[in-house]
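Worksheet: one structure, shown below.
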Amino acid sequence: MTRRGYTICMTGLSGAGKSTLAVAVRDRMLALGVPHVPVLDGDIVRKHISRGLGFSRADRDENIRRIAIVARMLVDDGVPNIVAAISPYRNIRRQARDAIGEFVEVFVRCPLEICAGRDVKGLYAKAFTGEIAHFTGVSDPYEAPQSPEIDTARLSADVAADTIVAHLVLQGLLPVAAAA
(Lines give C-alpha, C1' and ligand atoms only; values in the text may rest on other atoms or scores of the structure.)
Protein backbone atom coordinates (compact mmCIF):
# COMPACT_ATOMS: atom_id res chain seq x y z
CA MET A 1 0.00 0.00 0.00
CA THR A 2 1.34 3.42 -0.95
CA ARG A 3 1.42 5.84 1.94
CA ARG A 4 -0.29 9.13 1.31
CA GLY A 5 0.88 12.23 3.12
CA TYR A 6 -1.42 14.98 4.29
CA THR A 7 -1.59 17.55 7.06
CA ILE A 8 -4.36 17.97 9.60
CA CYS A 9 -4.04 21.58 10.74
CA MET A 10 -5.66 22.37 14.10
CA THR A 11 -6.13 26.07 14.79
CA GLY A 12 -7.73 27.81 17.75
CA LEU A 13 -7.05 29.94 20.79
CA SER A 14 -4.47 29.08 23.42
CA GLY A 15 -6.07 26.50 25.69
CA ALA A 16 -8.75 25.48 23.17
CA GLY A 17 -7.58 21.85 23.20
CA LYS A 18 -5.55 21.65 19.98
CA SER A 19 -2.74 19.54 21.45
CA THR A 20 -5.12 17.26 23.33
CA LEU A 21 -7.20 16.71 20.19
CA ALA A 22 -4.07 16.19 18.07
CA VAL A 23 -2.89 13.39 20.37
CA ALA A 24 -6.36 11.78 20.38
CA VAL A 25 -6.51 11.82 16.57
CA ARG A 26 -2.93 10.54 16.30
CA ASP A 27 -3.68 7.69 18.70
CA ARG A 28 -6.77 6.68 16.68
CA MET A 29 -4.78 6.75 13.44
CA LEU A 30 -2.02 4.63 14.96
CA ALA A 31 -4.60 2.15 16.26
CA LEU A 32 -6.00 1.92 12.73
CA GLY A 33 -2.61 0.91 11.37
CA VAL A 34 -1.08 4.18 10.21
CA PRO A 35 2.57 3.52 11.03
CA HIS A 36 3.68 7.01 12.04
CA VAL A 37 1.80 10.27 12.67
CA PRO A 38 4.03 13.11 13.87
CA VAL A 39 2.41 15.96 15.76
CA LEU A 40 3.93 19.40 15.18
CA ASP A 41 2.86 21.10 18.40
CA GLY A 42 3.06 24.90 18.32
CA ASP A 43 4.68 25.19 21.75
CA ILE A 44 7.40 22.66 20.93
CA VAL A 45 8.05 24.18 17.49
CA ARG A 46 8.41 27.65 19.03
CA LYS A 47 10.90 26.31 21.56
CA HIS A 48 13.11 24.47 19.06
CA ILE A 49 12.52 25.56 15.44
CA SER A 50 11.24 29.09 15.93
CA ARG A 51 13.31 30.07 18.94
CA GLY A 52 14.01 33.78 18.81
CA LEU A 53 10.77 34.71 17.13
CA GLY A 54 8.49 37.05 19.02
CA PHE A 55 4.75 37.53 18.76
CA SER A 56 4.49 40.30 16.19
CA ARG A 57 2.34 39.47 13.19
CA ALA A 58 5.46 39.01 11.06
CA ASP A 59 7.01 36.62 13.60
CA ARG A 60 3.78 34.65 14.01
CA ASP A 61 3.54 34.34 10.22
CA GLU A 62 7.18 33.21 10.03
CA ASN A 63 6.50 30.58 12.69
CA ILE A 64 3.63 29.16 10.61
CA ARG A 65 5.76 29.28 7.43
CA ARG A 66 8.40 27.17 9.20
CA ILE A 67 5.79 24.71 10.42
CA ALA A 68 4.38 24.50 6.87
CA ILE A 69 7.83 23.69 5.47
CA VAL A 70 8.24 20.79 7.89
CA ALA A 71 4.68 19.59 7.26
CA ARG A 72 5.25 19.73 3.48
CA MET A 73 8.43 17.68 3.81
CA LEU A 74 6.47 15.04 5.70
CA VAL A 75 3.66 15.10 3.10
CA ASP A 76 6.19 14.72 0.30
CA ASP A 77 7.52 11.62 2.09
CA GLY A 78 4.02 10.16 2.35
CA VAL A 79 3.69 10.86 6.08
CA PRO A 80 0.36 12.07 7.46
CA ASN A 81 0.97 14.65 10.16
CA ILE A 82 -0.91 16.89 12.54
CA VAL A 83 -0.15 20.55 13.20
CA ALA A 84 -1.51 22.01 16.46
CA ALA A 85 -0.74 25.73 16.44
CA ILE A 86 -2.76 28.85 17.20
CA SER A 87 -2.10 30.24 13.70
CA PRO A 88 -4.22 33.33 14.30
CA TYR A 89 -4.31 34.85 10.80
CA ARG A 90 -6.36 33.58 7.86
CA ASN A 91 -3.89 34.71 5.24
CA ILE A 92 -0.95 32.68 6.58
CA ARG A 93 -3.22 29.65 7.08
CA ARG A 94 -4.22 29.97 3.40
CA GLN A 95 -0.54 30.23 2.42
CA ALA A 96 0.26 27.15 4.53
CA ARG A 97 -2.60 25.23 2.86
CA ASP A 98 -1.24 26.19 -0.57
CA ALA A 99 2.34 25.27 0.38
CA ILE A 100 1.46 21.94 1.96
CA GLY A 101 -1.04 20.71 -0.60
CA GLU A 102 -3.12 17.96 1.00
CA PHE A 103 -4.55 19.84 3.98
CA VAL A 104 -7.48 19.42 6.37
CA GLU A 105 -8.27 22.47 8.51
CA VAL A 106 -9.82 21.84 11.92
CA PHE A 107 -11.13 24.80 13.88
CA VAL A 108 -10.81 23.84 17.55
CA ARG A 109 -13.48 26.27 18.65
CA CYS A 110 -13.62 27.12 22.34
CA PRO A 111 -14.94 30.27 24.03
CA LEU A 112 -12.30 32.64 25.37
CA GLU A 113 -13.64 32.31 28.93
CA ILE A 114 -13.17 28.53 28.89
CA CYS A 115 -9.67 28.82 27.39
CA ALA A 116 -8.74 31.34 30.10
CA GLY A 117 -10.14 29.01 32.76
CA ARG A 118 -7.95 26.15 31.51
CA ASP A 119 -4.78 28.26 31.51
CA VAL A 120 -2.36 26.54 33.88
CA LYS A 121 0.49 28.92 32.97
CA GLY A 122 -1.45 32.05 33.95
CA LEU A 123 -0.89 33.65 30.55
CA TYR A 124 -4.48 34.83 30.11
CA ALA A 125 -4.45 36.53 33.52
CA LYS A 126 -1.28 38.37 32.52
CA ALA A 127 -2.79 39.28 29.14
CA PHE A 128 -6.00 40.61 30.75
CA THR A 129 -3.94 42.91 32.99
CA GLY A 130 -1.74 44.05 30.10
CA GLU A 131 1.37 42.35 31.46
CA ILE A 132 1.56 40.34 28.22
CA ALA A 133 1.05 42.32 25.04
CA HIS A 134 -0.08 40.85 21.72
CA PHE A 135 -1.87 37.88 23.27
CA THR A 136 -4.12 36.17 20.75
CA GLY A 137 -7.79 36.60 21.53
CA VAL A 138 -7.17 39.27 24.16
CA SER A 139 -4.96 42.07 22.84
CA ASP A 140 -4.24 40.56 19.41
CA PRO A 141 -6.80 39.23 16.96
CA TYR A 142 -7.71 35.65 16.20
CA GLU A 143 -9.22 35.37 12.74
CA ALA A 144 -11.46 32.33 12.91
CA PRO A 145 -11.48 30.07 9.86
CA GLN A 146 -14.32 30.91 7.49
CA SER A 147 -14.83 27.42 6.08
CA PRO A 148 -12.77 24.80 7.87
CA GLU A 149 -13.29 21.19 6.90
CA ILE A 150 -14.16 20.50 10.55
CA ASP A 151 -15.43 22.82 13.28
CA THR A 152 -15.36 21.28 16.75
CA ALA A 153 -17.99 23.63 18.20
CA ARG A 154 -20.25 21.71 20.57
CA LEU A 155 -18.23 18.50 20.19
CA SER A 156 -16.49 16.69 23.02
CA ALA A 157 -12.83 15.84 22.43
CA ASP A 158 -13.71 12.18 21.76
CA VAL A 159 -16.49 13.02 19.30
CA ALA A 160 -14.25 15.59 17.60
CA ALA A 161 -11.45 13.02 17.21
CA ASP A 162 -13.91 10.47 15.79
CA THR A 163 -15.30 13.13 13.43
CA ILE A 164 -11.83 13.94 12.13
CA VAL A 165 -11.02 10.27 11.53
CA ALA A 166 -14.37 9.77 9.75
CA HIS A 167 -13.60 12.79 7.56
CA LEU A 168 -10.21 11.32 6.65
CA VAL A 169 -11.91 8.08 5.60
CA LEU A 170 -14.54 9.94 3.54
CA GLN A 171 -11.83 11.95 1.79
CA GLY A 172 -9.84 8.83 0.96
CA LEU A 173 -6.95 9.95 3.16
CA LEU A 174 -7.34 7.08 5.62
CA PRO A 175 -8.02 3.70 4.03
CA VAL A 176 -11.46 2.32 4.79
CA ALA A 177 -9.90 -1.04 5.62
CA ALA A 178 -7.88 0.63 8.36
CA ALA A 179 -10.98 2.19 9.88
CA ALA A 180 -13.09 -0.98 9.70
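Naming scheme: A, B, ... for chains in displayed order of the C-alpha coordinates; residues 1 onward per chain; ligands 1 onward as shown.
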| task | Using only C-alpha atoms, determine which residues lie at most 10 Å from Tyr6 in chain A, disregarding the query and same-chain residues fewer than 2 positions distant; provide the list as a PyMOL selection string. | result | chain A and resi 3-4+8-9+71-72+74-82+100-104+168+173-174
| task | Run DSSP on the backbone and grab whatever in chain A lands in strand (DSSP E or B); send it over as an MDAnalysis selection string. | result | chainID A and resid 7:11 39:41 81:84 103:107 136 140 150:151
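Minimum atom-to-atom distance to His167 in chain A, evaluated using only C-alpha atoms, belongs to A:Val106 out of A:Val120, A:Val106, A:Ala84, A:Ala153.
Nearest residue to His134 in chain A, choosing from A:Gly5, A:Asp162, A:Ser56, A:Gly15 and counting only C-alpha atoms: A:Ser56.
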| said: Applying 10 Å and only C-alpha atoms, which residues near Arg28 in chain A remain after dropping the ones on its own chain fewer than 2 positions away? List them as a ChimeraX atom specification. | reply: /A:22-26,30-34,161-162,164-165,179
Output for the residues just chosen: N, CA and C atoms as a PDB file, in the first residue's frame:
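For reference, result_13.pdb as written:
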```pdb
ATOM      1  N   ALA A  22      -5.080  16.728  18.985  1.00  0.00           N
ATOM      2  CA  ALA A  22      -4.073  16.188  18.073  1.00  0.00           C
ATOM      3  C   ALA A  22      -3.598  14.814  18.539  1.00  0.00           C
ATOM      4  N   VAL A  23      -3.347  14.678  19.823  1.00  0.00           N
ATOM      5  CA  VAL A  23      -2.894  13.393  20.366  1.00  0.00           C
ATOM      6  C   VAL A  23      -4.004  12.347  20.244  1.00  0.00           C
ATOM      7  N   ALA A  24      -5.241  12.725  20.502  1.00  0.00           N
ATOM      8  CA  ALA A  24      -6.361  11.779  20.379  1.00  0.00           C
ATOM      9  C   ALA A  24      -6.516  11.293  18.940  1.00  0.00           C
ATOM     10  N   VAL A  25      -6.401  12.199  17.976  1.00  0.00           N
ATOM     11  CA  VAL A  25      -6.508  11.815  16.568  1.00  0.00           C
ATOM     12  C   VAL A  25      -5.320  10.936  16.182  1.00  0.00           C
ATOM     13  N   ARG A  26      -4.115  11.337  16.595  1.00  0.00           N
ATOM     14  CA  ARG A  26      -2.926  10.537  16.304  1.00  0.00           C
ATOM     15  C   ARG A  26      -3.070   9.121  16.846  1.00  0.00           C
ATOM     16  N   LEU A  30      -2.978   5.692  14.683  1.00  0.00           N
ATOM     17  CA  LEU A  30      -2.019   4.627  14.956  1.00  0.00           C
ATOM     18  C   LEU A  30      -2.742   3.306  15.214  1.00  0.00           C
ATOM     19  N   ALA A  31      -3.829   3.353  15.968  1.00  0.00           N
ATOM     20  CA  ALA A  31      -4.604   2.148  16.261  1.00  0.00           C
ATOM     21  C   ALA A  31      -5.215   1.552  14.996  1.00  0.00           C
ATOM     22  N   LEU A  32      -5.438   2.387  13.993  1.00  0.00           N
ATOM     23  CA  LEU A  32      -6.002   1.917  12.728  1.00  0.00           C
ATOM     24  C   LEU A  32      -4.926   1.449  11.751  1.00  0.00           C
ATOM     25  N   GLY A  33      -3.669   1.458  12.191  1.00  0.00           N
ATOM     26  CA  GLY A  33      -2.606   0.912  11.369  1.00  0.00           C
ATOM     27  C   GLY A  33      -1.759   1.914  10.623  1.00  0.00           C
ATOM     28  N   VAL A  34      -1.985   3.201  10.814  1.00  0.00           N
ATOM     29  CA  VAL A  34      -1.080   4.182  10.209  1.00  0.00           C
ATOM     30  C   VAL A  34       0.228   4.077  10.993  1.00  0.00           C
ATOM     31  N   ALA A 161     -12.479  13.913  17.757  1.00  0.00           N
ATOM     32  CA  ALA A 161     -11.451  13.019  17.211  1.00  0.00           C
ATOM     33  C   ALA A 161     -12.080  11.999  16.266  1.00  0.00           C
ATOM     34  N   ASP A 162     -13.209  11.426  16.660  1.00  0.00           N
ATOM     35  CA  ASP A 162     -13.907  10.468  15.792  1.00  0.00           C
ATOM     36  C   ASP A 162     -14.374  11.134  14.503  1.00  0.00           C
ATOM     37  N   ILE A 164     -13.001  13.701  12.982  1.00  0.00           N
ATOM     38  CA  ILE A 164     -11.829  13.939  12.128  1.00  0.00           C
ATOM     39  C   ILE A 164     -11.429  12.654  11.414  1.00  0.00           C
ATOM     40  N   VAL A 165     -11.375  11.545  12.142  1.00  0.00           N
ATOM     41  CA  VAL A 165     -11.020  10.265  11.531  1.00  0.00           C
ATOM     42  C   VAL A 165     -12.045   9.885  10.462  1.00  0.00           C
ATOM     43  N   ALA A 179      -9.969   1.700   8.950  1.00  0.00           N
ATOM     44  CA  ALA A 179     -10.984   2.192   9.877  1.00  0.00           C
ATOM     45  C   ALA A 179     -12.045   1.159  10.194  1.00  0.00           C
TER      46      ALA A 179
END
```
